[in-house]
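Raw protein22.cif, mmCIF, C-alpha atoms:
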data_structure
loop_
_atom_site.group_PDB
_atom_site.id
_atom_site.type_symbol
_atom_site.label_atom_id
_atom_site.label_comp_id
_atom_site.auth_asym_id
_atom_site.auth_seq_id
_atom_site.Cartn_x
_atom_site.Cartn_y
_atom_site.Cartn_z
ATOM 1 C CA LYS G 27 -50.353 0.138 51.522
ATOM 2 C CA GLU G 28 -47.975 2.913 50.472
ATOM 3 C CA ASP G 29 -48.235 4.405 47.012
ATOM 4 C CA SER G 30 -45.080 3.397 45.075
ATOM 5 C CA SER G 31 -45.446 6.137 42.410
ATOM 6 C CA PRO G 32 -43.025 9.060 42.663
ATOM 7 C CA SER G 33 -44.208 12.091 44.546
ATOM 8 C CA PRO G 34 -45.007 15.309 42.607
ATOM 9 C CA SER G 35 -41.807 16.869 43.951
ATOM 10 C CA ALA G 36 -39.750 13.869 42.759
ATOM 11 C CA ARG G 37 -41.357 14.065 39.341
ATOM 12 C CA THR G 38 -40.552 17.767 39.187
ATOM 13 C CA ARG G 39 -36.940 17.093 40.100
ATOM 14 C CA GLY G 40 -36.719 14.394 37.445
ATOM 15 C CA GLU G 41 -38.224 16.616 34.783
ATOM 16 C CA SER G 42 -35.997 19.546 35.643
ATOM 17 C CA SER G 43 -32.905 17.377 35.198
ATOM 18 C CA ARG G 44 -33.713 16.798 31.544
ATOM 19 C CA VAL G 45 -32.164 19.213 29.030
ATOM 20 C CA ILE G 46 -34.084 20.186 25.913
ATOM 21 C CA LEU G 47 -31.933 21.932 23.325
ATOM 22 C CA LYS G 48 -33.761 24.107 20.825
ATOM 23 C CA PRO G 49 -33.098 27.558 19.393
ATOM 24 C CA SER G 50 -34.559 30.323 21.473
ATOM 25 C CA HIS G 51 -35.835 33.485 19.817
ATOM 26 C CA ARG G 52 -34.801 35.379 22.910
ATOM 27 C CA HIS G 53 -31.116 34.615 22.430
ATOM 28 C CA SER G 54 -28.848 36.307 19.894
ATOM 29 C CA THR G 55 -26.264 33.504 20.047
ATOM 30 C CA PRO G 56 -26.565 29.724 19.628
ATOM 31 C CA PRO G 57 -27.552 27.949 22.865
ATOM 32 C CA PRO G 58 -24.682 26.582 24.975
ATOM 33 C CA LEU G 59 -23.879 22.899 24.944
ATOM 34 C CA ALA G 60 -25.225 20.895 27.840
ATOM 35 C CA SER G 61 -22.341 19.421 29.798
ATOM 36 C CA SER G 62 -24.354 16.325 30.677
ATOM 37 C CA LEU G 63 -25.493 15.527 27.131
ATOM 38 C CA ARG G 64 -23.658 14.054 24.142
ATOM 39 C CA LEU G 65 -25.119 15.345 20.881
ATOM 40 C CA SER G 66 -24.428 14.164 17.371
ATOM 41 C CA PRO G 67 -22.621 16.502 14.957
ATOM 42 C CA ALA G 68 -25.781 16.637 12.843
ATOM 43 C CA HIS G 69 -27.811 17.857 15.842
ATOM 44 C CA HIS G 70 -25.265 20.576 16.632
ATOM 45 C CA ARG G 71 -25.132 21.632 12.996
ATOM 46 C CA ALA G 72 -28.919 21.895 12.746
ATOM 47 C CA ILE G 73 -29.125 24.042 15.882
ATOM 48 C CA LEU G 74 -26.370 26.371 14.711
ATOM 49 C CA ARG G 75 -27.720 26.726 11.201
ATOM 50 C CA ARG G 76 -31.281 27.473 12.306
ATOM 51 C CA THR G 77 -30.113 30.048 14.814
ATOM 52 C CA ILE G 78 -27.741 31.832 12.455
ATOM 53 C CA LEU G 79 -30.022 31.764 9.418
ATOM 54 C CA ARG G 80 -32.790 33.274 11.548
ATOM 55 C CA ARG G 81 -30.476 36.204 12.243
ATOM 56 C CA THR G 82 -29.370 36.574 8.609
ATOM 57 C CA THR G 83 -31.065 39.330 6.640
ATOM 58 C CA ALA G 84 -30.307 41.033 3.361
ATOM 59 C CA PRO G 85 -27.754 42.286 2.709
ATOM 60 C CA ALA G 86 -26.383 38.903 3.660
ATOM 61 C CA ARG G 87 -23.900 38.524 6.438
ATOM 62 C CA HIS G 88 -21.669 35.680 5.614
ATOM 63 C CA GLN G 89 -18.042 34.746 6.449
ATOM 64 C CA LEU G 90 -19.617 31.447 7.409
ATOM 65 C CA LEU G 91 -18.172 29.579 4.475
ATOM 66 C CA CYS G 92 -14.974 29.283 6.462
ATOM 67 C CA ARG G 93 -15.072 25.962 8.269
ATOM 68 C CA SER G 94 -13.502 24.927 11.532
ATOM 69 C CA SER G 95 -14.010 22.108 13.978
ATOM 70 C CA THR G 96 -13.747 21.757 17.721
ATOM 71 C CA THR G 97 -14.525 19.289 20.478
ATOM 72 C CA THR G 98 -16.729 19.822 23.502
ATOM 73 C CA ASN G 99 -15.816 18.880 27.050
ATOM 74 C CA THR G 100 -18.074 15.843 26.667
ATOM 75 C CA GLY G 101 -16.054 14.517 23.741
ATOM 76 C CA ALA G 102 -18.748 15.270 21.152
ATOM 77 C CA TRP G 103 -17.290 16.450 17.854
ATOM 78 C CA VAL G 104 -18.822 19.669 16.572
ATOM 79 C CA ASP G 105 -18.435 20.509 12.887
ATOM 80 C CA MET G 106 -18.720 24.281 12.590
ATOM 81 C CA ALA G 107 -19.619 24.276 8.891
ATOM 82 C CA LEU G 108 -22.223 26.871 9.669
ATOM 83 C CA VAL G 109 -23.570 28.069 6.349
ATOM 84 C CA THR G 110 -22.974 26.660 2.874
ATOM 85 C CA THR G 111 -23.288 28.425 -0.461
ATOM 86 C CA ALA G 112 -26.674 26.715 -0.899
ATOM 87 C CA GLU G 113 -27.949 28.113 2.398
ATOM 88 C CA VAL G 114 -26.659 31.589 1.541
ATOM 89 C CA CYS G 115 -28.705 31.456 -1.672
ATOM 90 C CA ASP G 116 -31.802 30.260 0.190
ATOM 91 C CA ALA G 117 -31.489 33.045 2.754
ATOM 92 C CA ASN G 118 -30.902 35.853 0.244
ATOM 93 C CA PRO G 119 -33.200 35.542 -2.782
ATOM 94 C CA GLN G 120 -33.368 39.325 -3.197
ATOM 95 C CA LEU G 121 -29.603 39.589 -3.695
ATOM 96 C CA ILE G 122 -29.891 36.969 -6.445
ATOM 97 C CA VAL G 123 -32.805 38.783 -8.104
ATOM 98 C CA ASN G 124 -30.976 42.120 -8.214
ATOM 99 C CA GLY G 125 -27.737 40.530 -9.424
ATOM 100 C CA GLU G 126 -25.607 41.306 -6.392
ATOM 101 C CA LEU G 127 -25.178 37.577 -5.723
ATOM 102 C CA ARG G 128 -24.610 35.250 -8.693
ATOM 103 C CA ALA G 129 -23.877 31.553 -9.001
ATOM 104 C CA LEU G 130 -21.536 30.221 -11.677
ATOM 105 C CA GLN G 131 -22.841 27.461 -13.902
ATOM 106 C CA PRO G 132 -21.702 24.032 -12.610
ATOM 107 C CA ILE G 133 -18.953 23.368 -15.152
ATOM 108 C CA PHE G 134 -15.907 23.204 -12.875
ATOM 109 C CA GLN G 135 -13.996 20.264 -11.440
ATOM 110 C CA ILE G 136 -12.671 20.478 -7.862
ATOM 111 C CA TYR G 137 -8.916 20.243 -7.279
ATOM 112 C CA GLY G 138 -6.609 21.008 -4.377
ATOM 113 C CA ARG G 139 -6.947 20.159 -0.693
ATOM 114 C CA ARG G 140 -8.934 23.276 0.170
ATOM 115 C CA GLN G 141 -12.475 22.586 -1.008
ATOM 116 C CA VAL G 142 -13.892 25.649 0.740
ATOM 117 C CA PHE G 143 -12.331 29.044 0.037
ATOM 118 C CA SER G 144 -13.218 32.685 -0.458
ATOM 119 C CA GLY G 145 -11.624 36.051 -1.065
ATOM 120 C CA PRO G 146 -11.476 39.197 -3.181
ATOM 121 C CA ILE G 147 -11.141 38.521 -6.891
ATOM 122 C CA VAL G 148 -8.252 39.336 -9.213
ATOM 123 C CA THR G 149 -9.174 38.842 -12.874
ATOM 124 C CA LEU G 150 -6.982 37.791 -15.782
ATOM 125 C CA LYS G 151 -7.844 37.080 -19.419
ATOM 126 C CA VAL G 152 -5.545 34.862 -21.494
ATOM 127 C CA PHE G 153 -5.809 32.269 -24.245
ATOM 128 C CA GLU G 154 -3.582 29.189 -24.269
ATOM 129 C CA ASP G 155 -0.789 31.226 -22.653
ATOM 130 C CA ASN G 156 0.271 31.020 -19.002
ATOM 131 C CA VAL G 157 2.999 33.646 -18.588
ATOM 132 C CA LEU G 158 0.722 36.182 -16.889
ATOM 133 C CA VAL G 159 -0.807 33.440 -14.736
ATOM 134 C CA ARG G 160 2.622 32.579 -13.356
ATOM 135 C CA GLU G 161 3.475 36.264 -12.829
ATOM 136 C CA PHE G 162 0.361 36.823 -10.734
ATOM 137 C CA LEU G 163 0.941 33.768 -8.560
ATOM 138 C CA GLU G 164 4.524 34.833 -7.855
ATOM 139 C CA GLU G 165 3.078 37.871 -6.033
ATOM 140 C CA LYS G 166 1.778 37.823 -2.462
ATOM 141 C CA GLY G 167 -1.767 36.545 -2.540
ATOM 142 C CA ASN G 168 -3.115 38.107 0.655
ATOM 143 C CA ASP G 169 -5.991 35.579 0.642
ATOM 144 C CA ARG G 170 -7.186 36.694 -2.804
ATOM 145 C CA VAL G 171 -8.681 34.468 -5.504
ATOM 146 C CA LEU G 172 -7.253 34.539 -9.034
ATOM 147 C CA VAL G 173 -9.984 34.132 -11.663
ATOM 148 C CA VAL G 174 -8.483 33.249 -15.052
ATOM 149 C CA ASP G 175 -10.598 33.381 -18.199
ATOM 150 C CA GLY G 176 -8.768 31.021 -20.520
ATOM 151 C CA GLY G 177 -11.482 31.209 -23.161
ATOM 152 C CA GLY G 178 -12.710 27.754 -22.225
ATOM 153 C CA SER G 179 -9.910 26.160 -24.254
ATOM 154 C CA LEU G 180 -9.574 22.403 -23.900
ATOM 155 C CA ARG G 181 -6.451 22.177 -26.104
ATOM 156 C CA CYS G 182 -3.762 22.763 -23.461
ATOM 157 C CA ALA G 183 -3.218 23.445 -19.743
ATOM 158 C CA ILE G 184 -2.677 27.047 -18.625
ATOM 159 C CA LEU G 185 -1.967 26.108 -14.996
ATOM 160 C CA GLY G 186 0.446 23.485 -13.657
ATOM 161 C CA GLY G 187 1.826 22.167 -10.415
ATOM 162 C CA ASN G 188 4.725 24.590 -9.907
ATOM 163 C CA PRO G 189 2.629 27.796 -10.082
ATOM 164 C CA VAL G 190 0.063 26.274 -7.737
ATOM 165 C CA VAL G 191 2.768 25.436 -5.193
ATOM 166 C CA GLN G 192 3.950 29.041 -5.476
ATOM 167 C CA ALA G 193 0.395 30.287 -5.008
ATOM 168 C CA GLN G 194 0.017 28.174 -1.875
ATOM 169 C CA ASN G 195 3.289 29.493 -0.443
ATOM 170 C CA ASN G 196 2.420 33.087 -1.323
ATOM 171 C CA GLY G 197 -0.939 33.026 0.456
ATOM 172 C CA TRP G 198 -3.474 32.839 -2.363
ATOM 173 C CA ALA G 199 -6.832 31.455 -1.226
ATOM 174 C CA GLY G 200 -7.797 29.908 -4.546
ATOM 175 C CA ILE G 201 -7.602 29.839 -8.341
ATOM 176 C CA VAL G 202 -10.531 29.471 -10.737
ATOM 177 C CA VAL G 203 -9.574 28.622 -14.333
ATOM 178 C CA ASN G 204 -11.905 28.733 -17.304
ATOM 179 C CA GLY G 205 -9.623 26.268 -19.041
ATOM 180 C CA CYS G 206 -7.456 23.261 -18.259
ATOM 181 C CA ILE G 207 -4.789 22.406 -15.704
ATOM 182 C CA ARG G 208 -2.160 19.671 -15.462
ATOM 183 C CA ASP G 209 -0.022 18.005 -12.760
ATOM 184 C CA VAL G 210 -3.254 17.080 -11.005
ATOM 185 C CA ASP G 211 -1.649 14.866 -8.337
ATOM 186 C CA GLU G 212 0.708 17.657 -7.325
ATOM 187 C CA ILE G 213 -2.111 20.213 -7.241
ATOM 188 C CA ASN G 214 -4.299 17.917 -5.160
ATOM 189 C CA GLY G 215 -1.546 17.842 -2.539
ATOM 190 C CA CYS G 216 -1.519 21.642 -2.162
ATOM 191 C CA ASP G 217 -3.426 23.495 0.547
ATOM 192 C CA ILE G 218 -5.270 25.779 -1.847
ATOM 193 C CA GLY G 219 -8.590 25.731 -3.670
ATOM 194 C CA VAL G 220 -8.486 25.153 -7.432
ATOM 195 C CA ARG G 221 -11.351 24.937 -9.918
ATOM 196 C CA ALA G 222 -10.894 24.159 -13.612
ATOM 197 C CA LEU G 223 -12.805 22.677 -16.541
ATOM 198 C CA ALA G 224 -10.581 19.611 -16.933
ATOM 199 C CA SER G 225 -6.982 18.370 -16.999
ATOM 200 C CA HIS G 226 -4.767 18.240 -20.082
ATOM 201 C CA PRO G 227 -1.151 17.018 -20.482
ATOM 202 C CA ILE G 228 -0.024 19.591 -23.081
ATOM 203 C CA LYS G 229 1.535 22.808 -21.742
ATOM 204 C CA ALA G 230 0.500 26.303 -22.794
ATOM 205 C CA ASN G 231 2.351 28.855 -24.916
ATOM 206 C CA LYS G 232 4.671 31.394 -23.321
ATOM 207 C CA LYS G 233 4.187 34.610 -25.282
ATOM 208 C CA GLY G 234 3.009 36.754 -22.380
ATOM 209 C CA MET G 235 -0.253 37.747 -24.089
ATOM 210 C CA GLY G 236 -3.308 38.671 -22.032
ATOM 211 C CA GLU G 237 -5.188 41.351 -20.076
ATOM 212 C CA LYS G 238 -5.038 42.019 -16.341
ATOM 213 C CA HIS G 239 -7.812 43.351 -14.079
ATOM 214 C CA VAL G 240 -10.476 43.364 -16.804
ATOM 215 C CA PRO G 241 -14.081 42.121 -16.570
ATOM 216 C CA VAL G 242 -14.415 38.505 -17.692
ATOM 217 C CA THR G 243 -17.422 36.338 -18.471
ATOM 218 C CA ILE G 244 -17.127 32.811 -17.106
ATOM 219 C CA ALA G 245 -19.789 30.124 -16.707
ATOM 220 C CA GLY G 246 -22.570 32.487 -17.701
ATOM 221 C CA THR G 247 -21.537 35.221 -15.259
ATOM 222 C CA ARG G 248 -19.746 38.533 -15.686
ATOM 223 C CA ILE G 249 -17.019 38.847 -13.039
ATOM 224 C CA CYS G 250 -15.197 42.067 -12.203
ATOM 225 C CA ASP G 251 -11.896 42.701 -10.486
ATOM 226 C CA GLY G 252 -12.463 43.434 -6.785
ATOM 227 C CA GLU G 253 -15.670 41.434 -6.388
ATOM 228 C CA TRP G 254 -15.796 38.536 -3.925
ATOM 229 C CA LEU G 255 -15.820 34.805 -4.622
ATOM 230 C CA TYR G 256 -17.144 32.106 -2.280
ATOM 231 C CA ALA G 257 -16.652 28.437 -3.173
ATOM 232 C CA ASP G 258 -17.488 25.119 -1.561
ATOM 233 C CA THR G 259 -18.464 21.655 -2.761
ATOM 234 C CA ASP G 260 -21.927 22.889 -3.815
ATOM 235 C CA GLY G 261 -20.644 25.535 -6.203
ATOM 236 C CA ILE G 262 -19.223 29.022 -6.632
ATOM 237 C CA LEU G 263 -20.868 32.335 -5.734
ATOM 238 C CA ILE G 264 -19.840 35.805 -6.894
ATOM 239 C CA SER G 265 -20.830 38.806 -4.774
ATOM 240 C CA LYS G 266 -20.461 42.506 -5.534
ATOM 241 C CA MET G 267 -19.429 43.070 -1.921
ATOM 242 C CA GLU G 268 -17.874 41.124 0.905
ATOM 243 C CA LEU G 269 -20.454 39.146 2.827
ATOM 244 C CA SER G 270 -19.864 39.043 6.582
ATOM 245 C CA VAL G 271 -21.610 38.188 9.843
#

As structure tokens, how would this structure be written, given the file I've shared?
Amino acid sequence: KEDSSPSPSARTRGESSRVILKPSHRHSTPPPLASSLRLSPAHHRAILRRTILRRTTAPARHQLLCRSSTTTNTGAWVDMALVTTAEVCDANPQLIVNGELRALQPIFQIYGRRQVFSGPIVTLKVFEDNVLVREFLEEKGNDRVLVVDGGGSLRCAILGGNPVVQAQNNGWAGIVVNGCIRDVDEINGCDIGVRALASHPIKANKKGMGEKHVPVTIAGTRICDGEWLYADTDGILISKMELSV
């Protein structure tokens, strides 16, 4: 009677046809996708994160907050949200200890369509007055982030819908306001990142009082003109230098 079990060569062929995806320490780039295998977005994300975080050393290399998506030739959707602010903090404790990487206290509400943004910081200090805010946002943004210290006032809004539309059209990456905003529905329709303490219907004064390009202290953190800001849905990071891969 013939043995019905597969021959050793058949078993070898069967085993060799299986694809096992795991990060390899010998490779400097994430492993390629297997054309014969459909993987979940979570599986892809885990592979990419483990591979990239293994290569990340201090000083951190980071432009990974920028998010993009693509599809594979198998139809699997791959979310390329490679590294979040939380993972940057986990991978770089020394930068946090020495103060080169700081996290703002979680006091801000998220507005605008762009929940993830980053860029070099421009600082502005005002109090219940929005003339200088509007002047800044009328300039070309060049992917910068305007950080406005409004003194934490909850008595009026120092940013409204029209300036935010201008900021979007002029190429600003985001606006962080230590104060209130208004025209929330209009702002939420703009392709720009906005953070603020709350919304308020009363408009600000228009005296033109304030200070440009000065250090400000917001949410427990001193922020200087020219530093870098990285924001996502987990929070906001301030770095003394640009973080890049």

Q | Pick from G:Ser179, G:Lys266, G:Gln194, G:Ser144, whichever lies nearest to G:Asn124 using only C-alpha atoms | A | G:Lys266

Q: Any chance you could resolve the PyMOL selection byres ((chain G and resi 205-209) around 12) against this file and give the residues as a PyMOL selection string?
A: chain G and resi 133-138+151-156+159+173-191+201-204+210-216+220-230+244-245

Produce a file of the selected residues containing C-alpha atoms, as a PDB file, in the frame of the given file.
ATOM      1  CA  ILE G 133     -18.953  23.368 -15.152  1.00  0.00           C
ATOM      2  CA  PHE G 134     -15.907  23.204 -12.875  1.00  0.00           C
ATOM      3  CA  GLN G 135     -13.996  20.264 -11.440  1.00  0.00           C
ATOM      4  CA  ILE G 136     -12.671  20.478  -7.862  1.00  0.00           C
ATOM      5  CA  TYR G 137      -8.916  20.243  -7.279  1.00  0.00           C
ATOM      6  CA  GLY G 138      -6.609  21.008  -4.377  1.00  0.00           C
ATOM      7  CA  LYS G 151      -7.844  37.080 -19.419  1.00  0.00           C
ATOM      8  CA  VAL G 152      -5.545  34.862 -21.494  1.00  0.00           C
ATOM      9  CA  PHE G 153      -5.809  32.269 -24.245  1.00  0.00           C
ATOM     10  CA  GLU G 154      -3.582  29.189 -24.269  1.00  0.00           C
ATOM     11  CA  ASP G 155      -0.789  31.226 -22.653  1.00  0.00           C
ATOM     12  CA  ASN G 156       0.271  31.020 -19.002  1.00  0.00           C
ATOM     13  CA  VAL G 159      -0.807  33.440 -14.736  1.00  0.00           C
ATOM     14  CA  VAL G 173      -9.984  34.132 -11.663  1.00  0.00           C
ATOM     15  CA  VAL G 174      -8.483  33.249 -15.052  1.00  0.00           C
ATOM     16  CA  ASP G 175     -10.598  33.381 -18.199  1.00  0.00           C
ATOM     17  CA  GLY G 176      -8.768  31.021 -20.520  1.00  0.00           C
ATOM     18  CA  GLY G 177     -11.482  31.209 -23.161  1.00  0.00           C
ATOM     19  CA  GLY G 178     -12.710  27.754 -22.225  1.00  0.00           C
ATOM     20  CA  SER G 179      -9.910  26.160 -24.254  1.00  0.00           C
ATOM     21  CA  LEU G 180      -9.574  22.403 -23.900  1.00  0.00           C
ATOM     22  CA  ARG G 181      -6.451  22.177 -26.104  1.00  0.00           C
ATOM     23  CA  CYS G 182      -3.762  22.763 -23.461  1.00  0.00           C
ATOM     24  CA  ALA G 183      -3.218  23.445 -19.743  1.00  0.00           C
ATOM     25  CA  ILE G 184      -2.677  27.047 -18.625  1.00  0.00           C
ATOM     26  CA  LEU G 185      -1.967  26.108 -14.996  1.00  0.00           C
ATOM     27  CA  GLY G 186       0.446  23.485 -13.657  1.00  0.00           C
ATOM     28  CA  GLY G 187       1.826  22.167 -10.415  1.00  0.00           C
ATOM     29  CA  ASN G 188       4.725  24.590  -9.907  1.00  0.00           C
ATOM     30  CA  PRO G 189       2.629  27.796 -10.082  1.00  0.00           C
ATOM     31  CA  VAL G 190       0.063  26.274  -7.737  1.00  0.00           C
ATOM     32  CA  VAL G 191       2.768  25.436  -5.193  1.00  0.00           C
ATOM     33  CA  ILE G 201      -7.602  29.839  -8.341  1.00  0.00           C
ATOM     34  CA  VAL G 202     -10.531  29.471 -10.737  1.00  0.00           C
ATOM     35  CA  VAL G 203      -9.574  28.622 -14.333  1.00  0.00           C
ATOM     36  CA  ASN G 204     -11.905  28.733 -17.304  1.00  0.00           C
ATOM     37  CA  VAL G 210      -3.254  17.080 -11.005  1.00  0.00           C
ATOM     38  CA  ASP G 211      -1.649  14.866  -8.337  1.00  0.00           C
ATOM     39  CA  GLU G 212       0.708  17.657  -7.325  1.00  0.00           C
ATOM     40  CA  ILE G 213      -2.111  20.213  -7.241  1.00  0.00           C
ATOM     41  CA  ASN G 214      -4.299  17.917  -5.160  1.00  0.00           C
ATOM     42  CA  GLY G 215      -1.546  17.842  -2.539  1.00  0.00           C
ATOM     43  CA  CYS G 216      -1.519  21.642  -2.162  1.00  0.00           C
ATOM     44  CA  VAL G 220      -8.486  25.153  -7.432  1.00  0.00           C
ATOM     45  CA  ARG G 221     -11.351  24.937  -9.918  1.00  0.00           C
ATOM     46  CA  ALA G 222     -10.894  24.159 -13.612  1.00  0.00           C
ATOM     47  CA  LEU G 223     -12.805  22.677 -16.541  1.00  0.00           C
ATOM     48  CA  ALA G 224     -10.581  19.611 -16.933  1.00  0.00           C
ATOM     49  CA  SER G 225      -6.982  18.370 -16.999  1.00  0.00           C
ATOM     50  CA  HIS G 226      -4.767  18.240 -20.082  1.00  0.00           C
ATOM     51  CA  PRO G 227      -1.151  17.018 -20.482  1.00  0.00           C
ATOM     52  CA  ILE G 228      -0.024  19.591 -23.081  1.00  0.00           C
ATOM     53  CA  LYS G 229       1.535  22.808 -21.742  1.00  0.00           C
ATOM     54  CA  ALA G 230       0.500  26.303 -22.794  1.00  0.00           C
ATOM     55  CA  ILE G 244     -17.127  32.811 -17.106  1.00  0.00           C
ATOM     56  CA  ALA G 245     -19.789  30.124 -16.707  1.00  0.00           C
TER      57      ALA G 245
END

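Selection result for the displayed file, with the PyMOL selection byres ((chain G and resi 234) around 9) as criterion, is Val152, Asp155, Asn156, Val157, Leu158, Asn231, Lys232, Lys233, Met235 and Gly236 of chain G.
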
Q: List the residues selected by the PyMOL selection byres ((chain G and resi 165) around 12) in the file shown, writing them as a ChimeraX atom specification.
A: /G:148,158-164,166-170,172,189,192-198

Q: Work out how far atom CA of G:His239 is from atom CA of G:Leu127, in Å to one decimal.
A: 20.1 Å

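Residues with any atom within 10 Å of G:Tyr256, counting all atoms listed in the file and excluding same-chain neighbours fewer than 6 positions away, are His88, Gln89, Leu91, Cys92, Thr110, Thr111, Ala129, Val142, Phe143, Ser144, Gly145, Pro146, Ile147, Val171, Gly200, Ile262, Leu263, Ile264, Ser265, Glu268 and Leu269 of chain G.
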
Q: Have a look at atom CA of G:Trp254 and atom CA of G:Glu237 and let me know their distance in Å, one decimal.
A: 19.5 Å

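Straight-line separation from atom CA of G:Asn118 to atom CA of G:Leu150: 28.9 Å.
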
Exercise on stretch 136-146 of chain G, axis-aligned box with 6 Å per side, report centre and edge lengths in Å to one decimal, as JSON:
{"center_x": -10.3, "center_y": 29.7, "center_z": -3.6, "size_x": 19.3, "size_y": 31.0, "size_z": 20.6}

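Proximity ranking of G:Ala117, G:Val109, G:Leu130, G:Val123 relative to G:Gly261 places G:Leu130 first, based on only C-alpha atoms.
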